[in-house]
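Written below as structure tokens is the structure these notes are about.
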Amino acid sequence: MGEAAMLDLYLATHTPDGDARPPQAAPTGAWRFVWPRDAAFVAAALSRTGHTEDAVAVLDFLADVQPLNGLFEARYRVNGEVPDDRGTQLDGAAWALWSAQIVVENAPEGEREAVLRELRPLIETSGRALMSATDEPSGLPTASMDYWELHERSLTLGTAAPVLAGLESLAALREASGDAWGARLASQRADAVEAAVVDEFAPTWTRYAGHGGHDSAVSFALPPFQDEALPGAVSAWRLSVPSMIRSGGGLAPGADWSEPHFSWTPSTALTALSAAHVGDDATALYWLDWLAQHRTLTGSLPEKVSPTGEPAQVAPLAWTSSLVVLTLVELG
């Protein structure tokens, strides 16, 4: 499954002639667009498997389409055009920073400085976006559409936890570049946001503060997105799984997800990644086995699995492929 996922990521990031191209979420239909969130995970997976040049190329595309305010649109065409008016999603800048840290840290030692220099525009523009979005008396990020892609009036866990992760990455990246003052400012902001997010969402870590049901975004409150699991997040993550299981055996994005029957492979793979990072290898392998058993005939990972266990919707889905690769790398 890992080999097939890597081949699918190669096809997503290269033309038939072998030239680099930005990764579409999937190769057909309404998924033939580049979501910054998905692209960030693709870059992270490529980086952790030694494909630094390809990972940097993915993040360079994000830098090219990023506006001065740092707020990414929901999705882009491969030529950089915005295809619709879905609006901006704050977590895009956060995921770009999280991914950039992974790419820099996994670059060969002799190339690390050059990679950091190449990614600096993306890092600083994304950093300004997060600093601006958290410059509130509450310390919380502003509400935004998250990976559920619903227009939100209230802050969701799917935005709050990635923003915190992004600020931590911003501090680490500035420190690595020798910007001690900038790193200190980012670190101080991350500390303030962490305190506010924990106060708002712990100990239940539901989709909205204290309500809204369990959300697979609880994984974003755990490593590898946070240096350490946020208070109560491991327990909440374990408790969340039964409420999100669907009849096909995988997980939905949340207990209150509007479609009640289909399993979603990104949420299932995200749970496997969390398990691997908290040392629960048995749980990680359980979900990896389920994913392996529900691939297409060509071995690709689909977006969804039907109630009867058949691959559904599009395949391969780059986000799921990336999550599977990251999980396998962590398991060693």
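Naming scheme: A, B, ... for chains in displayed order of the structure tokens; residues 1 onward per chain; ligands 1 onward as shown.
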
**Study point:** For Arg75 (chain A): contacts at 12 Å, only C-alpha atoms, fewer than 6 positions along chain excluded, given as a list in words
**Key:** Pro22, Pro23, Gln24, Ala25, Ala30, Trp31, Arg32, Phe33, Val34, Trp35, Pro36, Arg37, Asp38, Ala39, Leu62, Val65, Gln66, Glu81, Val82, Pro83, Asp84, Asp85, Arg86, Gly87, Thr88, Gln89, Gly92, Tyr147 and Glu149 of chain A

Review point. Restricting the calculation to only C-alpha atoms, which member of A:Leu68, A:Met6, A:Arg77, A:Thr327 is positioned closest to His51 (chain A)?
Key: A:Met6

Exercise for review: Find, counting only C-alpha atoms, the residue in A:Ala176, A:Met244, A:Leu328, A:Ile102 that gets nearest to Ala272 (chain A).
Suggested key: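 Checking each of A:Ala176, A:Met244, A:Leu328, A:Ile102 against Ala272 (chain A), counting only C-alpha atoms, the winner is A:Leu328.
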
Review point. Out of A:Ala74, A:Ala195, A:Ala172, A:Leu230, which residue has the shortest atom-to-atom distance to Gln101 (chain A) when counting only C-alpha atoms?
Key: A:Ala172
